[in-house]
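Next comes data15.txt, with compact mmCIF, C-alpha atoms.
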```txt
# COMPACT_ATOMS: atom_id res chain seq x y z
CA MET A 1 129.94 98.11 117.50
CA ALA A 2 128.49 100.54 114.98
CA THR A 3 126.05 103.18 116.15
CA HIS A 4 123.66 102.50 113.29
CA SER A 5 123.29 98.91 112.12
CA ARG A 6 122.66 98.31 108.43
CA LEU A 7 120.31 95.53 109.46
CA ALA A 8 118.50 97.24 112.31
CA PRO A 9 116.31 94.84 114.33
CA SER A 10 113.50 97.43 114.26
CA ALA A 11 113.45 97.07 110.45
CA ALA A 12 113.79 93.28 110.46
CA GLU A 13 110.36 92.63 108.96
CA ARG A 14 111.36 94.78 106.00
CA TRP A 15 114.85 93.42 105.27
CA ILE A 16 113.76 89.81 105.85
CA ASN A 17 110.99 90.18 103.28
CA CYS A 18 112.76 92.64 100.98
CA PRO A 19 116.57 92.38 101.13
CA ALA A 20 116.97 94.96 98.34
CA SER A 21 115.42 97.65 100.55
CA VAL A 22 118.59 97.88 102.65
CA GLU A 23 120.82 99.15 99.86
CA MET A 24 118.01 101.23 98.32
CA SER A 25 117.27 103.02 101.61
CA GLU A 26 120.87 104.09 102.08
CA HIS A 27 120.46 106.65 99.29
CA PHE A 28 117.96 108.58 101.43
CA PRO A 29 118.55 110.58 104.63
CA ASP A 30 117.51 108.99 107.91
CA THR A 31 114.84 111.20 109.44
CA THR A 32 113.16 111.30 112.85
CA SER A 33 109.86 112.68 114.16
CA ILE A 34 108.27 114.16 117.26
CA TYR A 35 106.67 110.76 117.84
CA ALA A 36 110.08 109.09 117.95
CA ALA A 37 111.38 111.80 120.29
CA GLU A 38 108.35 111.35 122.55
CA GLY A 39 108.93 107.59 122.58
CA THR A 40 112.57 108.06 123.55
CA VAL A 41 111.58 110.13 126.59
CA ALA A 42 108.91 107.57 127.59
CA HIS A 43 111.43 104.72 127.30
CA LYS A 44 113.89 106.60 129.51
CA LEU A 45 111.19 107.25 132.12
CA GLY A 46 110.23 103.57 132.06
CA GLU A 47 113.88 102.57 132.50
CA LEU A 48 114.30 104.91 135.48
CA LYS A 49 111.19 103.52 137.16
CA ILE A 50 112.35 99.91 136.73
CA ARG A 51 115.77 100.77 138.11
CA ASN A 52 114.28 102.61 141.07
CA GLN A 53 111.14 100.64 141.91
CA ILE A 54 112.15 97.10 140.95
CA LEU A 55 115.95 97.05 141.07
CA GLN A 56 116.01 99.41 144.08
CA GLU A 57 118.65 101.67 142.56
CA GLU A 58 119.11 105.25 143.75
CA LEU A 59 118.68 107.57 140.81
CA LEU A 60 120.73 110.66 140.06
CA ALA A 61 118.71 113.87 140.16
CA LYS A 62 120.07 114.94 136.78
CA GLU A 63 118.74 111.71 135.21
CA VAL A 64 115.23 112.42 136.46
CA ASP A 65 115.40 116.12 135.59
CA LYS A 66 116.44 115.36 132.02
CA VAL A 67 113.15 113.47 131.56
CA THR A 68 110.75 115.66 133.53
CA THR A 69 112.01 118.88 131.92
CA SER A 70 111.67 117.49 128.39
CA GLU A 71 109.13 119.20 126.14
CA TYR A 72 107.66 115.74 125.43
CA TYR A 73 107.05 114.84 129.10
CA ASN A 74 103.52 115.07 130.54
CA ALA A 75 101.35 113.59 133.29
CA ASP A 76 100.01 110.89 130.96
CA MET A 77 103.52 109.58 130.44
CA GLU A 78 103.73 108.90 134.17
CA ASP A 79 100.51 106.86 134.06
CA TYR A 80 101.48 104.87 130.97
CA THR A 81 104.97 104.05 132.20
CA ASP A 82 103.44 102.98 135.53
CA GLU A 83 101.45 100.40 133.55
CA TYR A 84 104.66 99.25 131.89
CA VAL A 85 106.43 98.83 135.24
CA GLU A 86 103.47 96.93 136.72
CA TYR A 87 103.53 94.60 133.71
CA ILE A 88 107.22 93.88 134.37
CA ARG A 89 106.47 93.35 138.04
CA SER A 90 103.84 90.73 137.13
CA LEU A 91 106.55 88.62 135.47
CA ILE A 92 108.69 88.45 138.62
CA ARG A 93 107.98 85.17 140.39
CA SER A 94 110.61 85.11 143.16
CA ASN A 95 113.74 86.74 144.53
CA GLU A 96 115.72 84.57 142.12
CA THR A 97 114.31 86.38 139.09
CA THR A 98 116.79 88.47 137.11
CA VAL A 99 115.58 91.76 135.65
CA LEU A 100 117.65 93.74 133.14
CA THR A 101 116.59 97.04 131.59
CA GLU A 102 117.85 98.83 128.46
CA THR A 103 120.29 96.02 127.77
CA HIS A 104 122.70 96.32 124.84
CA LEU A 105 122.67 93.12 122.78
CA ASP A 106 125.40 91.97 120.43
CA LEU A 107 123.63 90.76 117.29
CA SER A 108 126.71 90.27 115.14
CA PHE A 109 125.66 86.64 114.65
CA ILE A 110 123.20 88.09 112.12
CA ALA A 111 125.53 90.57 110.42
CA PRO A 112 128.74 92.43 111.34
CA ASP A 113 128.35 95.55 113.47
CA THR A 114 124.74 94.74 114.30
CA GLY A 115 123.27 95.39 117.72
CA GLY A 116 120.17 96.45 119.56
CA ILE A 117 118.78 97.48 122.93
CA ALA A 118 116.18 95.35 124.71
CA ASP A 119 113.79 97.43 126.81
CA CYS A 120 113.48 94.78 129.51
CA ILE A 121 114.67 91.19 129.99
CA VAL A 122 113.26 88.98 132.74
CA VAL A 123 114.71 85.52 133.28
CA GLU A 124 114.18 82.83 135.86
CA ASP A 125 115.30 79.19 135.76
CA ASN A 126 114.86 78.13 132.11
CA HIS A 127 112.30 80.78 131.09
CA LEU A 128 113.32 83.99 129.29
CA HIS A 129 110.98 86.96 128.86
CA VAL A 130 111.78 89.82 126.47
CA VAL A 131 109.51 92.85 126.85
CA ASP A 132 109.28 95.76 124.42
CA LEU A 133 107.58 99.04 125.30
CA LYS A 134 105.79 100.61 122.35
CA TYR A 135 104.62 104.17 123.05
CA GLY A 136 102.75 104.70 119.78
CA LYS A 137 99.00 105.24 119.88
CA ASN A 138 97.90 104.84 116.26
CA VAL A 139 99.04 101.42 115.06
CA ALA A 140 98.81 98.35 117.30
CA VAL A 141 101.98 96.24 117.35
CA GLU A 142 101.57 92.51 117.94
CA ALA A 143 104.01 90.11 119.60
CA GLN A 144 103.00 87.16 117.42
CA ASP A 145 105.91 86.38 115.08
CA ASN A 146 107.36 89.85 115.65
CA PRO A 147 110.80 89.71 113.96
CA GLN A 148 112.32 92.51 116.05
CA LEU A 149 111.40 90.85 119.34
CA LYS A 150 112.44 87.40 118.15
CA ILE A 151 115.86 88.77 117.22
CA TYR A 152 116.14 90.45 120.63
CA ALA A 153 115.23 87.13 122.24
CA LEU A 154 118.01 85.44 120.28
CA GLY A 155 120.43 88.13 121.43
CA ALA A 156 119.32 87.65 125.05
CA CYS A 157 119.80 83.88 124.73
CA LYS A 158 123.33 84.45 123.41
CA LEU A 159 124.03 86.80 126.32
CA LEU A 160 122.61 84.78 129.21
CA ASP A 161 122.28 81.14 128.20
CA GLY A 162 124.92 78.84 129.64
CA LEU A 163 126.13 81.31 132.26
CA ILE A 164 123.69 80.95 135.13
CA TYR A 165 120.65 79.86 133.17
CA ASN A 166 119.82 77.01 130.82
CA ILE A 167 117.14 78.75 128.76
CA GLU A 168 114.51 76.59 127.08
CA GLU A 169 111.23 78.53 127.11
CA VAL A 170 110.96 82.03 125.67
CA THR A 171 108.09 84.53 125.80
CA ILE A 172 108.16 87.83 123.92
CA HIS A 173 105.89 90.64 125.06
CA ILE A 174 104.59 93.88 123.56
CA VAL A 175 103.42 96.51 126.06
CA GLN A 176 101.58 99.34 124.27
CA PRO A 177 99.72 101.12 127.10
CA ARG A 178 98.36 104.05 125.09
CA MET A 179 96.31 101.58 123.03
CA ASN A 180 95.63 99.19 125.93
CA ASN A 181 97.49 96.62 123.84
CA PHE A 182 99.33 93.91 125.76
CA SER A 183 100.27 90.89 123.67
CA GLN A 184 102.67 87.99 123.99
CA MET A 185 103.94 84.96 122.12
CA ASN A 186 105.33 81.78 123.61
CA THR A 187 108.09 79.94 121.80
CA THR A 188 111.28 78.01 122.59
CA LYS A 189 114.96 78.63 122.21
CA ALA A 190 115.13 75.73 119.73
CA GLU A 191 112.41 77.25 117.53
CA LEU A 192 114.14 80.63 117.56
CA TYR A 193 117.48 79.14 116.52
CA LYS A 194 115.78 77.22 113.71
CA TRP A 195 114.17 80.46 112.48
CA LEU A 196 117.57 82.14 112.70
CA GLU A 197 119.21 79.52 110.47
CA ASP A 198 116.30 78.99 108.06
CA VAL A 199 115.11 82.58 107.59
CA VAL A 200 117.12 85.34 109.23
CA LYS A 201 120.68 84.45 108.24
CA PRO A 202 119.89 83.69 104.55
CA GLN A 203 117.92 86.93 104.15
CA ALA A 204 120.48 88.96 106.10
CA ASN A 205 123.22 87.57 103.85
CA LYS A 206 121.25 88.68 100.78
CA ALA A 207 120.80 92.17 102.22
CA ILE A 208 124.49 92.52 103.08
CA LYS A 209 125.44 91.54 99.51
CA ASN A 210 123.00 94.15 98.13
CA SER A 211 120.66 91.57 96.67
CA LEU A 212 118.16 92.73 94.07
CA GLU A 213 115.46 90.54 95.66
CA ILE A 214 112.55 92.91 96.21
CA LYS A 215 109.04 92.43 97.52
CA SER A 216 106.27 94.87 98.39
CA GLY A 217 104.06 94.44 101.44
CA SER A 218 103.03 95.95 104.78
CA TRP A 219 106.73 96.34 105.67
CA CYS A 220 107.04 99.11 103.04
CA LYS A 221 105.34 101.62 105.35
CA PHE A 222 108.53 102.97 106.92
CA CYS A 223 110.88 102.26 104.01
CA ARG A 224 112.70 105.43 103.00
CA ALA A 225 113.00 104.23 99.39
CA LYS A 226 109.33 103.46 98.78
CA THR A 227 108.65 106.78 97.04
CA ILE A 228 110.73 105.85 93.97
CA CYS A 229 110.53 102.05 94.33
CA ARG A 230 109.10 100.55 91.14
CA GLU A 231 107.84 97.44 92.95
CA TYR A 232 105.98 99.53 95.56
CA GLY A 233 104.42 101.64 92.79
CA LYS A 234 102.98 98.54 91.11
CA ARG A 235 100.38 98.20 93.85
CA TYR A 236 98.55 101.20 92.37
CA ASP A 237 98.39 99.90 88.79
CA ILE A 238 94.79 99.23 87.74
CA ASP A 239 94.89 96.24 85.42
CA LEU A 240 91.84 94.27 86.52
CA THR A 241 89.74 92.48 83.91
CA PRO A 242 86.13 93.76 83.96
CA GLU A 243 83.24 91.32 84.22
CA ASN A 244 80.89 93.88 82.66
CA PRO A 245 82.16 96.39 80.07
CA ASN A 246 80.04 99.19 81.55
CA LEU A 247 79.50 98.51 85.26
CA LEU A 248 81.82 97.58 88.10
CA SER A 249 80.76 94.61 90.21
CA ASN A 250 81.03 94.65 94.02
CA GLU A 251 84.03 92.36 93.72
CA GLU A 252 85.76 94.75 91.31
CA ILE A 253 85.04 97.73 93.55
CA ALA A 254 86.49 95.82 96.52
CA GLN A 255 89.60 95.01 94.46
CA ARG A 256 90.07 98.65 93.51
CA ILE A 257 89.62 99.84 97.10
CA LYS A 258 92.31 97.40 98.19
CA LYS A 259 94.55 98.32 95.27
CA LEU A 260 94.26 102.08 95.80
CA SER A 261 94.43 102.06 99.61
CA GLY A 262 97.15 104.50 100.63
CA LEU A 263 97.21 106.27 97.27
CA ASP A 264 96.81 109.74 98.87
CA GLY A 265 99.89 109.23 101.00
CA TYR A 266 101.85 107.79 98.08
CA LEU A 267 100.91 110.77 95.88
CA LYS A 268 102.05 113.20 98.59
CA ASP A 269 105.38 111.35 98.93
CA LEU A 270 105.90 111.52 95.15
CA MET A 271 105.09 115.25 95.03
CA ASP A 272 107.34 116.04 98.01
CA TYR A 273 110.16 114.09 96.37
CA ALA A 274 109.69 115.83 93.01
CA LEU A 275 109.47 119.31 94.62
CA ALA A 276 112.68 118.79 96.57
CA HIS A 277 114.51 117.75 93.41
CA VAL A 278 113.04 120.57 91.30
CA LEU A 279 114.29 123.05 93.90
CA ASP A 280 117.66 121.33 93.58
CA GLY A 281 117.73 122.04 89.85
CA GLU A 282 116.24 118.87 88.37
CA SER A 283 113.22 118.76 86.05
CA PHE A 284 110.06 116.69 86.00
CA PRO A 285 108.23 117.05 82.64
CA GLY A 286 104.98 118.97 82.98
CA TYR A 287 105.67 120.37 86.47
CA LYS A 288 107.35 123.42 87.99
CA ALA A 289 107.83 124.91 91.44
CA VAL A 290 105.96 128.12 92.31
CA ALA A 291 105.43 130.18 95.45
CA GLY A 292 102.39 128.97 97.35
CA ARG A 293 99.67 131.09 98.92
CA SER A 294 101.01 133.35 101.64
CA THR A 295 99.19 134.80 104.65
CA ARG A 296 99.99 137.87 106.72
CA ARG A 297 101.59 137.48 110.14
CA TRP A 298 102.74 139.71 112.98
CA THR A 299 106.38 140.75 113.13
CA ASN A 300 105.91 141.49 116.85
CA GLN A 301 102.45 140.62 118.15
CA GLU A 302 103.15 141.75 121.71
CA GLU A 303 104.12 145.29 120.68
CA ALA A 304 101.24 145.48 118.19
CA PHE A 305 98.73 144.67 120.93
CA GLU A 306 100.30 147.24 123.23
CA VAL A 307 99.77 149.89 120.55
CA ALA A 308 96.16 148.77 120.08
CA GLN A 309 95.44 148.94 123.83
CA ALA A 310 97.13 152.34 124.11
CA ASN A 311 94.67 153.55 121.48
CA GLY A 312 91.57 152.45 123.36
CA TYR A 313 91.10 148.82 122.35
CA ASP A 314 90.44 146.72 125.44
CA ARG A 315 92.43 143.52 126.01
CA SER A 316 89.18 141.48 126.07
CA ILE A 317 88.54 142.50 122.46
CA LEU A 318 92.01 141.45 121.31
CA PHE A 319 91.96 137.99 122.92
CA GLU A 320 89.51 135.09 122.62
CA GLN A 321 88.79 132.80 125.54
CA LYS A 322 87.65 129.27 124.78
CA PRO A 323 87.66 125.98 126.70
CA LEU A 324 90.40 123.43 126.12
CA SER A 325 89.45 120.25 124.30
CA LEU A 326 88.74 117.07 126.26
CA ALA A 327 92.01 115.54 125.06
CA LYS A 328 94.07 118.57 126.17
CA ILE A 329 92.47 118.62 129.63
CA GLU A 330 93.14 114.88 129.99
CA SER A 331 96.77 115.46 128.99
CA LEU A 332 97.03 118.36 131.46
CA MET A 333 95.61 116.37 134.40
CA GLY A 334 96.95 112.97 133.48
CA LYS A 335 94.78 109.99 132.55
CA LYS A 336 94.37 108.70 136.11
CA THR A 337 93.36 112.03 137.70
CA PHE A 338 91.12 112.90 134.76
CA ASN A 339 89.20 109.61 135.14
CA GLN A 340 88.86 110.08 138.90
CA LEU A 341 87.48 113.61 138.62
CA LEU A 342 85.71 113.91 135.30
CA SER A 343 84.86 110.47 133.90
CA ASP A 344 81.17 110.92 134.88
CA TYR A 345 80.99 113.86 132.47
CA VAL A 346 82.42 112.03 129.47
CA GLU A 347 80.66 109.83 126.96
CA LYS A 348 81.93 108.06 123.88
CA PRO A 349 79.19 107.77 121.24
CA PRO A 350 79.45 105.15 118.48
CA GLY A 351 82.00 106.05 115.84
CA LYS A 352 81.05 106.85 112.26
CA PRO A 353 80.87 103.65 110.18
CA THR A 354 84.15 103.05 108.37
CA LEU A 355 85.02 100.54 105.66
CA VAL A 356 88.15 98.51 106.55
CA PRO A 357 89.77 95.25 105.35
CA GLU A 358 88.40 91.99 106.75
CA GLU A 359 91.60 91.35 108.74
CA ASP A 360 90.93 94.45 110.88
CA PRO A 361 90.41 93.18 114.47
CA ARG A 362 87.33 95.34 115.14
CA GLU A 363 83.95 93.61 115.17
CA ALA A 364 81.82 94.09 112.07
CA LEU A 365 78.66 96.20 112.39
CA GLY A 366 75.27 94.54 111.97
CA ASN A 367 73.07 94.94 108.91
CA PHE A 368 71.53 98.35 108.28
CA ASN A 369 68.01 98.98 107.05
CA THR A 370 67.61 100.80 103.78
CA ALA A 371 65.83 104.16 103.80
CA LEU A 372 62.75 102.45 102.23
CA GLU A 373 62.61 99.91 105.07
CA ASP A 374 62.96 102.65 107.71
CA PHE A 375 59.90 104.48 106.41
CA LYS A 376 57.68 101.60 105.28
CA GLU A 377 55.69 101.54 108.55
CA ILE A 378 54.81 105.23 108.35
CA LYS A 379 51.25 105.81 107.11
CA PHE A 380 50.07 109.09 105.67
CA ASN A 381 46.41 110.17 105.79
```

Hey, can you dump this file as C-alpha cells for me?
Amino acid sequence: MATHSRLAPSAAERWINCPASVEMSEHFPDTTSIYAAEGTVAHKLGELKIRNQILQEELLAKEVDKVTTSEYYNADMEDYTDEYVEYIRSLIRSNETTVLTETHLDLSFIAPDTGGIADCIVVEDNHLHVVDLKYGKNVAVEAQDNPQLKIYALGACKLLDGLIYNIEEVTIHIVQPRMNNFSQMNTTKAELYKWLEDVVKPQANKAIKNSLEIKSGSWCKFCRAKTICREYGKRYDIDLTPENPNLLSNEEIAQRIKKLSGLDGYLKDLMDYALAHVLDGESFPGYKAVAGRSTRRWTNQEEAFEVAQANGYDRSILFEQKPLSLAKIESLMGKKTFNQLLSDYVEKPPGKPTLVPEEDPREALGNFNTALEDFKEIKFN
C-alpha cells in the first residue's frame, strides 16, 4: 500500500467535487504546519489512552515519553484527549463491544494504493461506529455527510462485515473537543454502498484518469493548486449588473461581500507564488523582488547584557516583567485546573458585532437603535 494515496480520504470532499484538482495539485509540494504536527501528537496521546484505559494494554514507557516530551504537548492536551476517551467509552454498551484504535483501512475499492487510518472503530452486533478526533480549534467539522468519515465507514465495513458481525446500522462521529463540537450522523451500510457506487467510484475514476472536470467551492480551501487555478480565480470577478448607475443597492453590496470574501488571503497566495518564481528567475510584468525592511538584532544577547551589567546597568533595567495572558496561563495550568482555580476571576463580554453569511450557525443579533433614536429622549434646557 502506498504511503501517500492520490485520492486521500481527508481530501475526499475536494476530489469528489473537483476531480481535476488531483492532477493539478501534484505539481505543488505537499506542505505541513505546526497545527498538523500538534494534531498528530494529540492523536497519538488519544490512542495511548484508549489502549491503556479501555483496552487495558500495558504501554511502553518510550511510547508515552515520545508524546509527553514533544514540543506540542501541554496540559490542555491531556484534558481534551480525556474528553475524547470518555466519548468513546460512552459508545461501549457491553463486554461484547469491539473497540479498535488507529486502524489501517484498505480503501483500494475506491482506487489502487488507497488507504487510511480510522481514529477509533466501535462495533457491537449489527451497529458500527466510526469516530474521528479533530484537534483543530478554528473551523468546526461536521459529521453530517462528511465524505472522509463515510469512506472510513465503508473501509470498516469491508474489514469487519461478515467475519463476526453482520453490520447494518452505521454512525459516524466527529469529536472536536477544543471547540466543544461533538456531532454524529446515522446511516446504514446499504446507503453507504449506494453512495459509493453512485458518487465516489465515478468521481474517483475521473480523478485517476486526470479528468478536466473542475468546480470551485468550499473544498478549495486546502487545495494546493488554488493559487493559479483559473476556476478558483473566477469567484473574484466583479461582473454584476447594477440596478442604479450611481449607487449600489443593499443586495448588490451583499453580492460583492460574498464575491470578495477571502480576497485578502487569495492576494497573499498570489504574491507569495509570484515572489517564489521571481526569485527562481521568472518574470511577472510590472513586478520585481526587492529586499524588505530590516531591523537590528543581537548577535549574542546574553554576552551583550553581561557587558551592560558590568558597566553599571542593573538587570531590572534590562528586563521587563509583565503578566502572562489569560490564554497562556490556561495553557500552562491546563483547562481543568484553570477552571477550578481561576474561573471566578474570568468574564467573557459580548464579542464585537461581525457580519457573516446567513448559513453561519451563530444566532443573529437583535435590531440596534440608530444614534438618533438613542438620543431622542434627552431634553436640553

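With CA of His127 (chain A) on one side and CA of Arg51 (chain A) on the other, the separation reads 21.5 Å.
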
Just how far from CA of Gly136 (chain A) is CA of Leu149 (chain A), in Å to one decimal?
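Taking CA of Leu149 (chain A) as the start and CA of Gly136 (chain A) as the end point, the length is 16.3 Å.
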
Rounded to one decimal, what separation in Å do you get between CA of Thr98 (chain A) and CA of Leu55 (chain A)?
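So the answer is 9.5 Å.
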
Might you pull out every residue within 9 Å of region 9-18 of chain A, with only C-alpha atoms counted and same-chain residues fewer than 2 positions away left off, and present them as number ranges by chain?
A: 5, 7, 20-22, 107, 114-116, 146-149, 151-152, 199-200, 202-204, 207, 212-220, 222-223

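Using all atoms listed in the file, the shortest contact distance between Leu267 (chain A) and any of A:Ile228, A:Ile208, A:Leu279, A:Ile92 is found at A:Ile228.
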
Which residues are near region 315-330 of chain A? Cut-off 10 Å, all atoms listed in the file, ignore same chain within fewer than 3 positions. Put them as a list in words.
Ala75, Asp76, Phe305, Glu306, Ala308, Gln309, Gly312, Met333, Gly334, Lys335, Lys336, Thr337, Phe338, Asn339, Leu342 and Val346 of chain A

Please, could you write that set of residues out with C-alpha atoms as an mmCIF file, in the frame of the given file?
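Once written, out.cif looks like this:
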```cif
data_model
loop_
_atom_site.group_PDB
_atom_site.id
_atom_site.type_symbol
_atom_site.label_atom_id
_atom_site.label_comp_id
_atom_site.auth_asym_id
_atom_site.auth_seq_id
_atom_site.Cartn_x
_atom_site.Cartn_y
_atom_site.Cartn_z
ATOM 1 C CA ALA A 75 101.350 113.590 133.290
ATOM 2 C CA ASP A 76 100.010 110.890 130.960
ATOM 3 C CA PHE A 305 98.730 144.670 120.930
ATOM 4 C CA GLU A 306 100.300 147.240 123.230
ATOM 5 C CA ALA A 308 96.160 148.770 120.080
ATOM 6 C CA GLN A 309 95.440 148.940 123.830
ATOM 7 C CA GLY A 312 91.570 152.450 123.360
ATOM 8 C CA MET A 333 95.610 116.370 134.400
ATOM 9 C CA GLY A 334 96.950 112.970 133.480
ATOM 10 C CA LYS A 335 94.780 109.990 132.550
ATOM 11 C CA LYS A 336 94.370 108.700 136.110
ATOM 12 C CA THR A 337 93.360 112.030 137.700
ATOM 13 C CA PHE A 338 91.120 112.900 134.760
ATOM 14 C CA ASN A 339 89.200 109.610 135.140
ATOM 15 C CA LEU A 342 85.710 113.910 135.300
ATOM 16 C CA VAL A 346 82.420 112.030 129.470
#
```

If I put a ball of radius 10 Å at (95.2, 97.1, 121.6) in the file's coordinates, which residues poke into it when counting all atoms listed in the file, written as JSON, numbers by chain?
{"A": [137, 138, 139, 140, 141, 142, 175, 176, 177, 178, 179, 180, 181, 182, 183, 361]}

Nearest residue to Leu133 (chain A) out of A:Gly162, A:Pro285, A:Gly39, A:Gly366, using all atoms listed in the file?
A:Gly39

Box for region 62-70 of chain A - axis-aligned, 5 Å on each of the six sides, all listed atoms - centre and size in Å to one decimal, as JSON.
```
{"center_x": 115.4, "center_y": 115.3, "center_z": 132.6, "size_x": 19.3, "size_y": 17.2, "size_z": 18.4}
```
